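Down below is the structure, laid out as structure tokens.
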Amino acid sequence: MNLSNALRMTAGLGLVAAALSAAPALAEDALAKLKAQGFARVAIANEPPFTAVAADGKVSGAAPDVAREIFKKLGVGDIVASISEYGAMIPGLKAGRHDVITAGLFMKPERCAAVSYSEPILCDAEAMLVKKGNPKGFKSYGDIAKDSEAKVGAPGGGTEEKLALEAGVPRDRVIVVPDGQSGLKMLQDGRIDAYSLPVLSLNALAMKANDPSLEIIAPVENTPVYCDGAAFRKEDVALRDAFDVELKKMKENGEFAKLIEPYGFSAKAAMSTSRDKLCGGPN
Ligand code: 6CS
């Protein structure tokens with residue numbers, strides 16, 4: 001090997017070593033920033049039981065509750081939540097408006113390409129809220145695609161919107177719905193024929209609505225069970241790793257189950273899979 005190649009090789013190795021030795025410092029930098037800030041700014045959707053904001057502003061829901069507990073263990077006193085559409089969460093995270101997304105943002109390869117997820121936290125299947133008796137016989141998004149008059153409501157940038165489009169429902173028949181109450185009203189008024197959210201979200205919405213003219217179809221055929229994780233910026237992967245250390249301890253000592261199962265989520269479901277499986281590779 002000639003001298004210039006040897007010098008290039010040494011320089012390259014030096015850069016790698018510097019980057020590796022910087023990882024813990026980067027974690028400390030990001031964590032130090034949050035500790036100094038006194039809170040972590042989390043993106044949520046206000047979709048119970050994943051995330052919820054009460055009339056007095058109190059933030060709850062399984063995802064923020066787990067995040068609040070973990071950040072406390074990391075020395076960050078609290079979380080401060082801002083409500084965002086699912087499709088705007090990752091751009092908001094990247095733009096520095098949030099420190100982390102704790103919203104039930106399901107892990108999928110295209111999202112894993114953009115963020116660093118924690119290990120799985122909340123898992124759920126997909127469902128559809130329809131008129132009682134399911135008059136159009138919907139069992140899948142493909143059934144909606146086949147009915148040229150049918151419209152399905154779903155969150156903007158959300159998984160159900162994507163699944164409906166991928167199943168062949170034309171764009172003009174996939175209606176973006178900003179929140180649960182709007183989706184419920186649109187269905188009751190006949191402006192949509194189905195409203196799609198995860199099972200636990202629709203269960204909570206239907207229970208609150210207490211409308212006997214509606215029913216839930218679950219799970220939606222040909223759809224997987226999804227799991228979320230807390231989503232960090234790629235450059236904050238060391239902070240993500242610190243978050244995961246605490247999450248793992250809570251999964252092992254039972255604290256994790258105690259936090260999420262009262263909301264209807266299964267700790268076993270989250271503990272039976274992994275981020276890398278759900279991302280389709282290392283994340
Ligand atoms: O991750 C998503 O896209 C979906 N997650 C939840 C918790 N609700 C709807 C949303 O589409």
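Naming scheme: A, B, ... for chains in displayed order of the structure tokens; residues 1 onward per chain; ligands 1 onward as shown.
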Discussion item. As a list in words, please: every protein or nucleic acid residue near ligand 1 (cut-off 6 Å, counting only C-alpha atoms and all ligand atoms).
Written reply: Phe50, Tyr86, Gly104, Leu105, Phe106, Pro155, Gly158, Thr159, Glu160, Leu197 and Pro198 of chain A
How would the residues just chosen look if you wrote them out with N, CA, C and O atoms as an mmCIF file, in the first residue's frame?
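The resulting again.cif:
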```cif
data_model
loop_
_atom_site.group_PDB
_atom_site.id
_atom_site.type_symbol
_atom_site.label_atom_id
_atom_site.label_comp_id
_atom_site.auth_asym_id
_atom_site.auth_seq_id
_atom_site.Cartn_x
_atom_site.Cartn_y
_atom_site.Cartn_z
ATOM 1 N N PHE A 50 -54.472 5.576 22.892
ATOM 2 C CA PHE A 50 -53.040 5.755 22.602
ATOM 3 C C PHE A 50 -52.542 7.053 23.238
ATOM 4 O O PHE A 50 -51.509 7.096 23.912
ATOM 5 N N TYR A 86 -50.976 12.685 12.096
ATOM 6 C CA TYR A 86 -49.939 11.645 11.979
ATOM 7 C C TYR A 86 -48.953 11.967 10.860
ATOM 8 O O TYR A 86 -47.744 11.818 11.019
ATOM 9 N N GLY A 104 -48.348 6.399 19.206
ATOM 10 C CA GLY A 104 -48.894 5.224 18.530
ATOM 11 C C GLY A 104 -48.560 5.265 17.053
ATOM 12 O O GLY A 104 -49.306 4.749 16.227
ATOM 13 N N LEU A 105 -47.452 5.904 16.699
ATOM 14 C CA LEU A 105 -47.024 5.980 15.296
ATOM 15 C C LEU A 105 -46.446 4.616 14.915
ATOM 16 O O LEU A 105 -45.321 4.279 15.265
ATOM 17 N N PHE A 106 -47.254 3.819 14.199
ATOM 18 C CA PHE A 106 -46.896 2.424 13.943
ATOM 19 C C PHE A 106 -45.596 2.302 13.155
ATOM 20 O O PHE A 106 -45.345 3.071 12.235
ATOM 21 N N PRO A 155 -57.243 8.936 9.274
ATOM 22 C CA PRO A 155 -56.391 10.062 9.663
ATOM 23 C C PRO A 155 -55.415 10.435 8.542
ATOM 24 O O PRO A 155 -54.886 9.543 7.867
ATOM 25 N N GLY A 158 -52.007 8.752 7.984
ATOM 26 C CA GLY A 158 -52.067 7.599 8.872
ATOM 27 C C GLY A 158 -52.039 6.275 8.128
ATOM 28 O O GLY A 158 -52.167 6.220 6.906
ATOM 29 N N THR A 159 -51.893 5.224 8.888
ATOM 30 C CA THR A 159 -51.772 3.867 8.333
ATOM 31 C C THR A 159 -53.026 3.447 7.597
ATOM 32 O O THR A 159 -52.953 2.847 6.514
ATOM 33 N N GLU A 160 -54.191 3.798 8.121
ATOM 34 C CA GLU A 160 -55.451 3.355 7.511
ATOM 35 C C GLU A 160 -55.666 4.045 6.164
ATOM 36 O O GLU A 160 -56.191 3.472 5.211
ATOM 37 N N LEU A 197 -59.789 3.206 12.064
ATOM 38 C CA LEU A 197 -58.758 3.483 13.071
ATOM 39 C C LEU A 197 -58.359 2.132 13.666
ATOM 40 O O LEU A 197 -59.035 1.137 13.432
ATOM 41 N N PRO A 198 -57.336 2.111 14.513
ATOM 42 C CA PRO A 198 -57.021 0.855 15.216
ATOM 43 C C PRO A 198 -58.196 0.447 16.122
ATOM 44 O O PRO A 198 -59.007 1.292 16.536
#
```
Practice prompt. From a DSSP calculation on the backbone, collect every residue of stretch 1-163 of chain A in strand (DSSP E or B) and output the set as a ChimeraX atom specification.
Written response: /A:39-44,52-53,59-60,78-83,100-101,106,116-117,123-124,126-131,152-154
Taking C-alpha atoms for each residue, export the selection above as a PDB file, in the first residue's frame.
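This went into selection_26.pdb:
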```
ATOM      1  CA  PHE A  39     -39.158  18.342  29.818  1.00  0.00           C
ATOM      2  CA  ALA A  40     -39.326  16.392  26.568  1.00  0.00           C
ATOM      3  CA  ARG A  41     -41.558  17.870  23.826  1.00  0.00           C
ATOM      4  CA  VAL A  42     -43.678  14.972  22.572  1.00  0.00           C
ATOM      5  CA  ALA A  43     -45.905  14.793  19.482  1.00  0.00           C
ATOM      6  CA  ILE A  44     -49.301  13.172  20.077  1.00  0.00           C
ATOM      7  CA  ALA A  52     -55.359  11.817  25.175  1.00  0.00           C
ATOM      8  CA  VAL A  53     -55.608  15.464  26.237  1.00  0.00           C
ATOM      9  CA  VAL A  59     -51.934  14.602  28.856  1.00  0.00           C
ATOM     10  CA  SER A  60     -52.522  10.869  29.246  1.00  0.00           C
ATOM     11  CA  ASP A  78     -41.909  15.788  32.514  1.00  0.00           C
ATOM     12  CA  ILE A  79     -43.285  15.789  28.997  1.00  0.00           C
ATOM     13  CA  VAL A  80     -44.996  18.636  27.151  1.00  0.00           C
ATOM     14  CA  ALA A  81     -47.296  17.462  24.356  1.00  0.00           C
ATOM     15  CA  SER A  82     -48.372  19.080  21.120  1.00  0.00           C
ATOM     16  CA  ILE A  83     -51.153  17.651  18.984  1.00  0.00           C
ATOM     17  CA  VAL A 100     -39.796  12.577  20.275  1.00  0.00           C
ATOM     18  CA  ILE A 101     -43.052  11.174  18.838  1.00  0.00           C
ATOM     19  CA  PHE A 106     -46.896   2.424  13.943  1.00  0.00           C
ATOM     20  CA  SER A 116     -35.013   5.859  15.068  1.00  0.00           C
ATOM     21  CA  TYR A 117     -37.726   3.877  16.851  1.00  0.00           C
ATOM     22  CA  CYS A 123     -49.673  -3.026  19.429  1.00  0.00           C
ATOM     23  CA  ASP A 124     -53.118  -3.085  17.828  1.00  0.00           C
ATOM     24  CA  GLU A 126     -57.058  -2.284  12.361  1.00  0.00           C
ATOM     25  CA  ALA A 127     -60.844  -1.810  12.479  1.00  0.00           C
ATOM     26  CA  MET A 128     -63.714  -0.021  10.713  1.00  0.00           C
ATOM     27  CA  LEU A 129     -66.694   1.741  12.267  1.00  0.00           C
ATOM     28  CA  VAL A 130     -69.773   1.233  10.057  1.00  0.00           C
ATOM     29  CA  LYS A 131     -73.568   1.476  10.235  1.00  0.00           C
ATOM     30  CA  VAL A 152     -63.771   5.632   3.921  1.00  0.00           C
ATOM     31  CA  GLY A 153     -62.531   8.154   6.514  1.00  0.00           C
ATOM     32  CA  ALA A 154     -59.025   7.877   7.950  1.00  0.00           C
TER      33      ALA A 154
END
```
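Distances here use only C-alpha atoms; by that measure, the residue among A:Gln37, A:Thr51, A:Ser118, A:Gln188 closest to A:Ala204 is A:Thr51.
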Discussion item. Taking only C-alpha atoms into account, name the residue in A:Gly157, A:Cys112, A:Ala30, A:Glu252 that is nearest to A:Ala88.
Written reply: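 Comparing A:Gly157, A:Cys112, A:Ala30, A:Glu252 against A:Ala88, the winner is A:Gly157.
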Worksheet item: With only C-alpha atoms as the atoms that count, which of A:Glu110, A:Glu47, A:Glu149, A:Asp65 lies nearest to A:Gly280?
Response: A:Glu110
Practice prompt. Name the residues in contact with A:Pro135 at a cut-off of 12 Å, using only C-alpha atoms, excluding same-chain residues fewer than 3 positions from it; report them as a list of chain:residue names.
Written response: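 These residues fall inside the cut-off: A:Leu129, A:Val130, A:Lys131, A:Lys132, A:Phe138, A:Lys139, A:Ala150, A:Asp193, A:Ala194, A:Ser213, A:Leu214, A:Glu215, A:Ile217.
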Write to file, as a PDB file, in the first residue's frame, the residues of the selection just made, with N, CA and C atoms.
```pdb
ATOM      1  N   LEU A 129     -65.400   1.419  11.641  1.00  0.00           N
ATOM      2  CA  LEU A 129     -66.694   1.741  12.267  1.00  0.00           C
ATOM      3  C   LEU A 129     -67.679   1.933  11.112  1.00  0.00           C
ATOM      4  N   VAL A 130     -68.786   1.187  11.150  1.00  0.00           N
ATOM      5  CA  VAL A 130     -69.773   1.233  10.057  1.00  0.00           C
ATOM      6  C   VAL A 130     -71.178   1.322  10.644  1.00  0.00           C
ATOM      7  N   LYS A 131     -72.163   1.477   9.773  1.00  0.00           N
ATOM      8  CA  LYS A 131     -73.568   1.476  10.235  1.00  0.00           C
ATOM      9  C   LYS A 131     -73.904   0.075  10.744  1.00  0.00           C
ATOM     10  N   LYS A 132     -74.774   0.029  11.732  1.00  0.00           N
ATOM     11  CA  LYS A 132     -75.196  -1.245  12.347  1.00  0.00           C
ATOM     12  C   LYS A 132     -75.636  -2.216  11.255  1.00  0.00           C
ATOM     13  N   PHE A 138     -68.704  -4.556   4.364  1.00  0.00           N
ATOM     14  CA  PHE A 138     -67.255  -4.306   4.334  1.00  0.00           C
ATOM     15  C   PHE A 138     -66.528  -5.241   5.288  1.00  0.00           C
ATOM     16  N   LYS A 139     -65.486  -5.926   4.771  1.00  0.00           N
ATOM     17  CA  LYS A 139     -64.611  -6.709   5.644  1.00  0.00           C
ATOM     18  C   LYS A 139     -63.147  -6.280   5.437  1.00  0.00           C
ATOM     19  N   ALA A 150     -68.614   4.013  -2.346  1.00  0.00           N
ATOM     20  CA  ALA A 150     -68.240   3.995  -0.918  1.00  0.00           C
ATOM     21  C   ALA A 150     -67.071   4.921  -0.606  1.00  0.00           C
ATOM     22  N   ASP A 193     -68.838   6.048   4.576  1.00  0.00           N
ATOM     23  CA  ASP A 193     -69.524   4.775   4.818  1.00  0.00           C
ATOM     24  C   ASP A 193     -68.773   3.911   5.830  1.00  0.00           C
ATOM     25  N   ALA A 194     -67.532   4.311   6.126  1.00  0.00           N
ATOM     26  CA  ALA A 194     -66.720   3.596   7.131  1.00  0.00           C
ATOM     27  C   ALA A 194     -65.688   4.581   7.655  1.00  0.00           C
ATOM     28  N   SER A 213     -76.675   2.749  16.503  1.00  0.00           N
ATOM     29  CA  SER A 213     -76.813   2.618  15.038  1.00  0.00           C
ATOM     30  C   SER A 213     -75.467   2.338  14.356  1.00  0.00           C
ATOM     31  N   LEU A 214     -74.419   2.178  15.177  1.00  0.00           N
ATOM     32  CA  LEU A 214     -73.077   1.934  14.619  1.00  0.00           C
ATOM     33  C   LEU A 214     -72.519   0.613  15.136  1.00  0.00           C
ATOM     34  N   GLU A 215     -71.584   0.028  14.376  1.00  0.00           N
ATOM     35  CA  GLU A 215     -70.886  -1.180  14.866  1.00  0.00           C
ATOM     36  C   GLU A 215     -69.459  -1.212  14.331  1.00  0.00           C
ATOM     37  N   ILE A 217     -66.248  -3.277  12.847  1.00  0.00           N
ATOM     38  CA  ILE A 217     -65.776  -4.485  12.134  1.00  0.00           C
ATOM     39  C   ILE A 217     -64.287  -4.621  12.445  1.00  0.00           C
TER      40      ILE A 217
END
```
Discussion item. Using only C-alpha atoms, can you tell me which of A:Ala36, A:Gly142, A:Ala67, A:Ala231 comes closest to A:Met89?
Written reply: A:Ala231
Worksheet item: Which one is closest to A:Ala269: A:Glu235, A:Asp29, A:Asp228, A:Asp179? Count only C-alpha atoms.
Response: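 The answer is A:Asp228, which sits nearest to A:Ala269.
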Worksheet entry | Backbone-only DSSP, alpha helix (DSSP H) members of stretch 22-263 of chain A, as a ChimeraX atom specification | /A:22-37,62-73,86-94,109-112,141-146,159-166,180-188,199-209,237-253,255-260
Item to complete: For A:Asp143, work out the shell of residues within 10 Å, counting only C-alpha atoms and skipping chain neighbours fewer than 3 positions away, then give it as a PyMOL selection string.
Response: chain A and resi 136-140+146-148+150+164+167-169+221
